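Participant: Would you mind keeping the following structure in view while I ask a few things?
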Amino acid sequence: MSNRQTKTDVILIGAGIMSATLGSLLKELMPEWSITVFERRASAGEESSNEWNNAGTGHSSLCELNYTVEQPDGSIDISKAVKVNEEYQFSKQFWAYLVNSGRIRNPRDFIVPVPHMSFVQGQQDVTFLKKRFEALSRNPLFQGMEFSDNPAKLMEWIPLMMKNRALNQPIAATRIESGTDVNFGALTRILFDQLKSRNADIKFNHQVDDMKRMGDGSWELKVRDVSSGTAERHTARFVFIGGGGGSLHLLQKSGIPEGKGIGGFPVSGLFMVCERPEIVAQHHAKVYGKAALGAPPMSVPHLDTRVIDKKELLFFGPFAGFSPKFLKFGSMFDLITSVKPSNLTTMLAAGAKNMSLTKYLVQQVMLSKEQRMEALREFVPNAESGDWDLVVAGQRVQIIKDTAAGKGTLQFGTEVISAADGSVAALLGASPGASTAVSVMLEVIERCFPQHKMAWEPKIREMVPAYGVSLLNNPDILHDIQASAAQSLGLADTAKHGELINK
Ligand SMILES: Cc1cc2nc3c(=O)[nH]c(=O)nc-3n(C[C@H](O)[C@H](O)[C@H](O)COP(=O)(O)OP(=O)(O)OC[C@H]3O[C@@H](n4cnc5c(N)ncnc54)[C@H](O)[C@@H]3O)c2cc1C
C-alpha cells in the first residue's frame, strides 16, 4: 500500500459517457470544485461508450418500434416514445451549449444527421407501423415523419435494402430526416479532454477495488494502480459510480441499503460491419426492424449508416449473446461474484423465470457467420459474406430486482440508485443508454445536491433550455429550442452521402 492519499470534492468512477457528462455538468455549475476520475483502462470510452461497442443511435424514438406499444384495443401507446425523445432533446441542447461556449470545437467530430427509419414486412406489422406513424405524427416531437408502403418510394429511400427483394408480402417504412448518428466514444474523449483542461485529475489505469463511508459522511476509496500494483486511498464528499457493467459490484461494496437486493444479468453483443465504399454508398439511414419473437428488446435488428474516424460504414445487428462478464474487458467471474446473500432469492427467481431468454442468448452465441448472414439478408437481400466482418460489441448488464411485477424481474431500462444522504449515486442498466446521459445525470444532480437546487437552476436552464419546461404544451418553444440546438450542432441541413465527413 502506498501512502498516496487525496481528498477531493467529487470522485467519478469510470471514464464512460455517464461520468463524462456528470463531470461536465458539475464543472459548469461549480467550476471551483475539485474532480478526480478513476478509470481502470488506459483511456476514456473503451467500454460500452466506445464507437465500436454501441450502435451510435441518438435514441429519440424516431425509429425504434419497441418504444411504441400496441394496446389490447388496437391503439398505440406512445408515452415511452415521447419520454425517450424528450430525454434526447436534453442531450442535444447540452451539447449545443458546449459548442456555443467554445468547449466543443466541431460538432461533426461526434454527431451527424442520418435519417431514422422503421422497416416492416407482413400485413400485421404494416398495419402496426401505419398506426404508429399516425399516432406519432399528431405529436409535435415527431414532425416531419413520412410513411410509405410503395416499393418505388422505398427504393428511393433504401436502395440497398430494396434491390432484389422478393415482393411477396406487404412492406412499409417510415422515415424522418431529423435522426442522428452519434460517436459516443469520440464525445466521451472530447468531454474528458475538456475536463482535464479545466483541472480535473483524470487517473487512467486506476481501478477502484473498494469503498467505505467515513465517520464524517465522506467516502474513502481503495484504488489500485493497475500498472504498478500499488494501492492508494482517496476520499471525496460525493462519489458517482459510473462503472457501466462494473457499477453493480461497486454499489454492493458501498453497502448502502438502497443497493441491496439488486442483481445484474449480462447480455453481450456482436455487429456485422461493412467497410466497402461501393456498398456503404448505397445506404444512408438507420433502419430499425422488429425484434424476433422471444428476443430481448436490445436485439432489435437494424442496419445503420455510421461515421467513425471520418469514414462512413455500415453496421448491422446487434446479435445478442450470453457471457458471464459484466464488462467487455471484465472477468468470467463477474456474474457469479455479483450474487450476494441480499440478492440470492431475487437472482434465483430471475433465473427460473428467464430460462427461455438464457436459452435464446446461448443459441445466439452459437450462430455461425452464415446464419448471421441470413438475418442480414432480411435487410440486404444481396449481402455477401466476404463484405461483412464480425465485431464484438459492448456488454450490457440488465437490472434484476423485485418489483410490483414480481420477484426477480428483469428490467431493460437504466436506473439511478443513490444513498439517502446524496453522498453516492450509481447508474445501473443500459437502455436507452448514452443518448439519455444528460437527462439521467441531471437526475443524479437533483437527487444528490437538493441543497443547490435553487442556485443551480438558472445555469441548468441556460445549458438545457427545455429543463423543467413541458415542450408538448409549448410547441412554439419546442420549435425554437430544437431549431437552435440543430443549428449549433450542424444538424440543420440534412446531409447526403459524402457530406457527413470533413465539414
Ligand atoms: C451493443 C450495444 C449497443 C448500444 N447502442 C446504443 C445506441 O445506439 N445508442 C445509445 O444511446 N446507447 C447505446 N448503447 C448503450 C450505451 O453504450 C451505454 O448506455 C453507455 O455507453 C454507458 O455508459 P457508461 O459511462 O455508463 O458506461 P461505460 O461506457 O461502459 O463506461 C464505464 C467505465 O467504467 C470503467 N470501470 C468499470 N469498473 C471500474 C472500476 N472498478 N474502477 C475504475 N473504472 C471502472 C470501465 O472500464 C469503463 O471505462 C448500446 C450498448 C451496447 C452494449
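Residues in the C-alpha cells are numbered from 1 in each chain, the chains being A, B, ... in the order shown, and ligands are numbered from 1 in the order shown.
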Any chance you could list, as an MDAnalysis selection string, the residues in region 39-286 of chain A that come up helix (DSSP H, G or I) when DSSP is run on the backbone?

Facilitator: chainID A and resid 65:67 79:100 107:109 123:137 140:142 151:157 159:162 184:197 244:254 257:259 277:280

Participant: Apply DSSP to the backbone of this structure and, from region 146-177 of chain A, keep only the residues in strand (DSSP E); write these as an NGL selection string.

Facilitator: :A and (146-148 or 171-176)

Participant: Residues within 12 Å of Asp210 (chain A), please, as a PDB file with N, CA and C atoms, in the first residue's frame. Count only C-alpha atoms; anything in the same chain fewer than 6 positions from it doesn't count.

Facilitator:
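So the final result, stored in result_21.pdb, reads:
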```pdb
ATOM      1  N   ILE A  13     -16.186   7.432 -10.798  1.00  0.00           N
ATOM      2  CA  ILE A  13     -15.570   6.130 -11.084  1.00  0.00           C
ATOM      3  C   ILE A  13     -15.969   5.732 -12.494  1.00  0.00           C
ATOM      4  N   TRP A 219     -16.598   9.542   1.607  1.00  0.00           N
ATOM      5  CA  TRP A 219     -16.289   8.169   1.164  1.00  0.00           C
ATOM      6  C   TRP A 219     -14.801   8.004   0.957  1.00  0.00           C
ATOM      7  N   GLU A 220     -14.289   6.861   1.435  1.00  0.00           N
ATOM      8  CA  GLU A 220     -12.880   6.542   1.167  1.00  0.00           C
ATOM      9  C   GLU A 220     -12.849   5.382   0.163  1.00  0.00           C
ATOM     10  N   LEU A 221     -12.105   5.623  -0.916  1.00  0.00           N
ATOM     11  CA  LEU A 221     -11.998   4.594  -1.959  1.00  0.00           C
ATOM     12  C   LEU A 221     -10.633   3.949  -1.905  1.00  0.00           C
ATOM     13  N   LYS A 222     -10.639   2.610  -2.056  1.00  0.00           N
ATOM     14  CA  LYS A 222      -9.366   1.909  -2.184  1.00  0.00           C
ATOM     15  C   LYS A 222      -9.133   1.742  -3.669  1.00  0.00           C
ATOM     16  N   VAL A 223      -8.064   2.363  -4.156  1.00  0.00           N
ATOM     17  CA  VAL A 223      -7.819   2.411  -5.596  1.00  0.00           C
ATOM     18  C   VAL A 223      -6.494   1.729  -5.892  1.00  0.00           C
ATOM     19  N   ARG A 224      -6.463   0.901  -6.953  1.00  0.00           N
ATOM     20  CA  ARG A 224      -5.228   0.195  -7.305  1.00  0.00           C
ATOM     21  C   ARG A 224      -4.697   0.736  -8.625  1.00  0.00           C
ATOM     22  N   ALA A 231      -1.546   0.186  -4.055  1.00  0.00           N
ATOM     23  CA  ALA A 231      -2.890   0.607  -3.647  1.00  0.00           C
ATOM     24  C   ALA A 231      -2.825   2.002  -3.037  1.00  0.00           C
ATOM     25  N   GLU A 232      -3.866   2.782  -3.265  1.00  0.00           N
ATOM     26  CA  GLU A 232      -3.920   4.149  -2.742  1.00  0.00           C
ATOM     27  C   GLU A 232      -5.279   4.354  -2.084  1.00  0.00           C
ATOM     28  N   ARG A 233      -5.372   5.400  -1.265  1.00  0.00           N
ATOM     29  CA  ARG A 233      -6.686   5.723  -0.667  1.00  0.00           C
ATOM     30  C   ARG A 233      -7.055   7.153  -1.038  1.00  0.00           C
ATOM     31  N   HIS A 234      -8.265   7.323  -1.495  1.00  0.00           N
ATOM     32  CA  HIS A 234      -8.717   8.663  -1.897  1.00  0.00           C
ATOM     33  C   HIS A 234     -10.103   8.910  -1.316  1.00  0.00           C
ATOM     34  N   THR A 235     -10.314  10.115  -0.821  1.00  0.00           N
ATOM     35  CA  THR A 235     -11.632  10.411  -0.231  1.00  0.00           C
ATOM     36  C   THR A 235     -12.320  11.546  -0.973  1.00  0.00           C
ATOM     37  N   ILE A 241     -20.721   6.415  -9.136  1.00  0.00           N
ATOM     38  CA  ILE A 241     -20.279   5.109  -9.630  1.00  0.00           C
ATOM     39  C   ILE A 241     -20.752   4.985 -11.077  1.00  0.00           C
ATOM     40  N   SER A 247     -20.564  -1.207 -12.346  1.00  0.00           N
ATOM     41  CA  SER A 247     -21.210  -0.417 -11.283  1.00  0.00           C
ATOM     42  C   SER A 247     -21.848  -1.277 -10.201  1.00  0.00           C
ATOM     43  N   HIS A 249     -21.047  -4.204  -8.853  1.00  0.00           N
ATOM     44  CA  HIS A 249     -20.122  -4.677  -7.813  1.00  0.00           C
ATOM     45  C   HIS A 249     -19.734  -3.532  -6.870  1.00  0.00           C
ATOM     46  N   LEU A 250     -19.504  -2.354  -7.443  1.00  0.00           N
ATOM     47  CA  LEU A 250     -19.097  -1.219  -6.604  1.00  0.00           C
ATOM     48  C   LEU A 250     -20.247  -0.767  -5.703  1.00  0.00           C
ATOM     49  N   LEU A 251     -21.455  -0.787  -6.240  1.00  0.00           N
ATOM     50  CA  LEU A 251     -22.625  -0.422  -5.436  1.00  0.00           C
ATOM     51  C   LEU A 251     -22.751  -1.391  -4.261  1.00  0.00           C
ATOM     52  N   GLN A 252     -22.522  -2.666  -4.536  1.00  0.00           N
ATOM     53  CA  GLN A 252     -22.602  -3.660  -3.451  1.00  0.00           C
ATOM     54  C   GLN A 252     -21.529  -3.381  -2.404  1.00  0.00           C
ATOM     55  N   LYS A 253     -20.322  -2.981  -2.886  1.00  0.00           N
ATOM     56  CA  LYS A 253     -19.242  -2.706  -1.926  1.00  0.00           C
ATOM     57  C   LYS A 253     -19.550  -1.485  -1.067  1.00  0.00           C
ATOM     58  N   SER A 254     -20.312  -0.535  -1.619  1.00  0.00           N
ATOM     59  CA  SER A 254     -20.639   0.663  -0.838  1.00  0.00           C
ATOM     60  C   SER A 254     -21.495   0.296   0.373  1.00  0.00           C
ATOM     61  N   GLY A 255     -22.249  -0.801   0.249  1.00  0.00           N
ATOM     62  CA  GLY A 255     -23.066  -1.270   1.374  1.00  0.00           C
ATOM     63  C   GLY A 255     -24.308  -0.435   1.632  1.00  0.00           C
TER      64      GLY A 255
END
```

Participant: Find, counting only C-alpha atoms, the residue in A:Ser227, A:Thr346, A:Gly74, A:Leu62 that gets nearest to Ile399 (chain A).

Facilitator: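 Smallest separation from Ile399 (chain A) among the options: A:Thr346.
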
Participant: What are the nearest atom pairs, with distances in Å to one decimal, for all residues of chain A that come at most 7 Å from ligand 1, using only C-alpha atoms and all ligand atoms, set out by chain and rising residue number as CSV?

Facilitator:
```
residue,atom,partner,partner_atom_place_in_ligand_line,distance
A:Ile13,CA,ligand 1,43 (C),5.4
A:Gly14,CA,ligand 1,34 (O),3.2
A:Ala15,CA,ligand 1,49 (O),4.7
A:Gly16,CA,ligand 1,25 (O),3.3
A:Ile17,CA,ligand 1,25 (O),4.1
A:Met18,CA,ligand 1,25 (O),3.9
A:Ser19,CA,ligand 1,25 (O),5.7
A:Phe38,CA,ligand 1,43 (C),5.1
A:Glu39,CA,ligand 1,44 (N),3.7
A:Arg40,CA,ligand 1,44 (N),4.1
A:Arg41,CA,ligand 1,47 (O),5.2
A:Ala44,CA,ligand 1,49 (O),6.1
A:Gly45,CA,ligand 1,49 (O),5.4
A:Glu46,CA,ligand 1,49 (O),5.3
A:Glu47,CA,ligand 1,30 (O),4.2
A:Ser48,CA,ligand 1,30 (O),3.9
A:Ser49,CA,ligand 1,21 (O),3.3
A:Asn50,CA,ligand 1,29 (O),6.6
A:Asn53,CA,ligand 1,1 (C),5.7
A:Asn54,CA,ligand 1,3 (C),3.4
A:Ala55,CA,ligand 1,8 (O),3.6
A:Gly56,CA,ligand 1,8 (O),4.1
A:Thr57,CA,ligand 1,8 (O),3.6
A:Gly58,CA,ligand 1,11 (O),5.6
A:His59,CA,ligand 1,11 (O),5.6
A:His206,CA,ligand 1,43 (C),5.9
A:Gln207,CA,ligand 1,42 (N),3.7
A:Val208,CA,ligand 1,42 (N),3.9
A:Asp209,CA,ligand 1,41 (N),5.7
A:Gly242,CA,ligand 1,26 (O),5.2
A:Gly243,CA,ligand 1,34 (O),3.3
A:Gly244,CA,ligand 1,27 (O),3.4
A:Gly245,CA,ligand 1,30 (O),6.0
A:Gly246,CA,ligand 1,38 (N),3.9
A:Ser247,CA,ligand 1,38 (N),6.2
A:Leu250,CA,ligand 1,41 (N),6.6
A:Ser268,CA,ligand 1,53 (C),6.8
A:Gly269,CA,ligand 1,1 (C),4.8
A:Leu270,CA,ligand 1,1 (C),6.8
A:Pro318,CA,ligand 1,1 (C),5.7
A:Leu327,CA,ligand 1,30 (O),6.9
A:Ala393,CA,ligand 1,1 (C),5.0
A:Gly394,CA,ligand 1,53 (C),3.8
A:Gln395,CA,ligand 1,53 (C),4.6
A:Arg396,CA,ligand 1,53 (C),4.9
A:Leu427,CA,ligand 1,26 (O),6.5
A:Ala430,CA,ligand 1,19 (O),4.2
A:Ser431,CA,ligand 1,15 (C),5.7
A:Pro432,CA,ligand 1,11 (O),5.5
A:Gly433,CA,ligand 1,19 (O),3.1
A:Ala434,CA,ligand 1,11 (O),3.7
A:Ser435,CA,ligand 1,11 (O),3.6
A:Thr436,CA,ligand 1,11 (O),6.6
```

Participant: Go ahead and save the picked residues with C-alpha atoms, as a short mmCIF file (atom, residue, chain, number, x, y, z; two decimals), in the first residue's frame.

Facilitator:
```cif
data_model
loop_
_atom_site.label_atom_id
_atom_site.label_comp_id
_atom_site.auth_asym_id
_atom_site.auth_seq_id
_atom_site.Cartn_x
_atom_site.Cartn_y
_atom_site.Cartn_z
CA ILE A 13 -15.57 6.13 -11.08
CA GLY A 14 -15.23 5.13 -14.74
CA ALA A 15 -14.44 7.19 -17.82
CA GLY A 16 -17.51 6.44 -19.92
CA ILE A 17 -20.12 8.84 -21.31
CA MET A 18 -22.03 8.99 -18.00
CA SER A 19 -19.09 10.18 -15.87
CA PHE A 38 -10.54 6.79 -11.77
CA GLU A 39 -10.61 4.59 -14.87
CA ARG A 40 -9.24 1.04 -14.93
CA ARG A 41 -8.46 1.14 -18.66
CA ALA A 44 -11.55 7.13 -21.83
CA GLY A 45 -14.51 5.46 -23.54
CA GLU A 46 -13.08 1.97 -24.03
CA GLU A 47 -16.14 0.06 -22.79
CA SER A 48 -19.82 0.46 -23.84
CA SER A 49 -19.37 4.12 -24.77
CA ASN A 50 -16.80 3.23 -27.42
CA ASN A 53 -19.18 -1.15 -28.91
CA ASN A 54 -22.59 0.51 -29.40
CA ALA A 55 -24.83 1.38 -32.34
CA GLY A 56 -24.40 5.16 -32.10
CA THR A 57 -28.11 5.84 -32.44
CA GLY A 58 -29.26 9.11 -30.96
CA HIS A 59 -32.29 7.35 -29.44
CA HIS A 206 -6.58 3.05 -11.81
CA GLN A 207 -9.15 0.55 -10.62
CA VAL A 208 -11.44 1.20 -7.68
CA ASP A 209 -11.47 -2.01 -5.63
CA GLY A 242 -20.20 5.33 -13.44
CA GLY A 243 -18.53 1.97 -13.98
CA GLY A 244 -21.03 0.76 -16.63
CA GLY A 245 -21.19 -3.02 -16.16
CA GLY A 246 -18.76 -2.59 -13.24
CA SER A 247 -21.21 -0.42 -11.28
CA LEU A 250 -19.10 -1.22 -6.60
CA SER A 268 -23.28 -9.47 -24.90
CA GLY A 269 -23.46 -8.14 -28.44
CA LEU A 270 -21.99 -8.56 -31.91
CA PRO A 318 -26.64 -6.24 -32.69
CA LEU A 327 -17.59 -5.53 -18.89
CA ALA A 393 -19.73 -5.04 -29.20
CA GLY A 394 -20.05 -3.93 -25.57
CA GLN A 395 -21.60 -5.78 -22.63
CA ARG A 396 -24.93 -4.64 -21.20
CA LEU A 427 -26.04 4.19 -12.64
CA ALA A 430 -28.07 0.16 -20.27
CA SER A 431 -31.04 1.31 -22.27
CA PRO A 432 -31.85 3.74 -23.94
CA GLY A 433 -28.33 4.43 -22.78
CA ALA A 434 -25.83 7.02 -23.84
CA SER A 435 -28.44 9.17 -25.64
CA THR A 436 -30.12 9.97 -22.36
#
```

Participant: Within 10 Å of region 302-313 of chain A, which residues of region 340-392 of chain A show up? Give each one with its shortest atom-to-atom distance in Å (one decimal) and the two atoms involved, counting only C-alpha atoms, rows by chain then rising residue number, as a Markdown table.

Facilitator:
```
| residue | atom | partner | partner_atom | distance |
| --- | --- | --- | --- | --- |
| A:Leu376 | CA | A:Leu303 | CA | 8.4 |
| A:Phe379 | CA | A:Leu303 | CA | 7.3 |
| A:Val380 | CA | A:Leu303 | CA | 8.8 |
```

Participant: Using only C-alpha atoms, which of A:Ala81, A:Cys274, A:Ala419, A:Val424 sits nearest Glu384 (chain A)?

Facilitator: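 Residue with the minimum atom-to-atom distance to Glu384 (chain A): A:Cys274.
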
Participant: May I have the residues within 9 Å of Pro151 (chain A) as a VMD selection string, using only C-alpha atoms and disregarding those fewer than 5 positions away in the same chain?

Facilitator: chain A and resid 156 162 167 171 to 172

Participant: Store the residues picked out above, limited to N, CA, C and O atoms, as an mmCIF file, in the first residue's frame.

Facilitator:
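File produced: selection04.cif:
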```
data_model
loop_
_atom_site.group_PDB
_atom_site.id
_atom_site.type_symbol
_atom_site.label_atom_id
_atom_site.label_comp_id
_atom_site.auth_asym_id
_atom_site.auth_seq_id
_atom_site.Cartn_x
_atom_site.Cartn_y
_atom_site.Cartn_z
ATOM 1 N N GLU A 156 -36.300 4.439 -53.411
ATOM 2 C CA GLU A 156 -35.637 5.750 -53.328
ATOM 3 C C GLU A 156 -34.963 5.923 -51.959
ATOM 4 O O GLU A 156 -33.847 6.398 -51.854
ATOM 5 N N MET A 162 -33.738 -2.650 -50.967
ATOM 6 C CA MET A 162 -34.825 -3.000 -51.898
ATOM 7 C C MET A 162 -34.336 -3.788 -53.110
ATOM 8 O O MET A 162 -35.112 -4.513 -53.727
ATOM 9 N N LEU A 167 -40.919 -9.286 -53.536
ATOM 10 C CA LEU A 167 -42.053 -8.517 -53.015
ATOM 11 C C LEU A 167 -43.288 -9.424 -52.906
ATOM 12 O O LEU A 167 -44.318 -9.174 -53.529
ATOM 13 N N ILE A 171 -44.907 -4.551 -47.558
ATOM 14 C CA ILE A 171 -43.796 -3.963 -46.808
ATOM 15 C C ILE A 171 -44.090 -2.477 -46.603
ATOM 16 O O ILE A 171 -44.869 -1.894 -47.365
ATOM 17 N N ALA A 172 -43.480 -1.901 -45.610
ATOM 18 C CA ALA A 172 -43.689 -0.463 -45.379
ATOM 19 C C ALA A 172 -42.537 0.083 -44.542
ATOM 20 O O ALA A 172 -41.803 -0.677 -43.897
#
```

Participant: Excluding Pro296 (chain A) and residues on its chain fewer than 6 positions from it, collect all residues at most 10 Å away from it, counting only C-alpha atoms, and give them as a count of residues only.

Facilitator: 6

Participant: Using only C-alpha atoms, determine which residues lie at most 10 Å from region 115-124 of chain A, disregarding the query and same-chain residues fewer than 5 positions distant; provide the list as number ranges by chain.

Facilitator: A: 57-65, 129, 133, 145-149, 154, 157-158, 161, 167-181, 284-290, 302-305, 378-379, 494-496

Participant: Which residues are close to Pro107 (chain A), i.e. within 12 Å by only C-alpha atoms, leaving aside same-chain residues fewer than 3 positions away? Reply as a PyMOL selection string.

Facilitator: chain A and resi 92+94-100+102-104+110-113+180-184+186-187+190+485-491+500-503

Participant: Between A:Ala420, A:Met355, A:Ala466, A:Ile262, single out the one closest to Gly408 (chain A), counting only C-alpha atoms.

Facilitator: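 The answer is A:Ile262, which sits nearest to Gly408 (chain A).
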
Participant: If I take CA of Leu248 (chain A) and CA of Leu26 (chain A), how far is one from the other in Å, to one decimal?

Facilitator: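 Result for CA of Leu248 (chain A) versus CA of Leu26 (chain A): 23.4 Å, one decimal.
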
Participant: Rank nothing, just name the residue among A:Val339, A:Leu348, A:Leu12, A:Ile417 nearest to Arg447 (chain A), using only C-alpha atoms.

Facilitator: A:Ile417
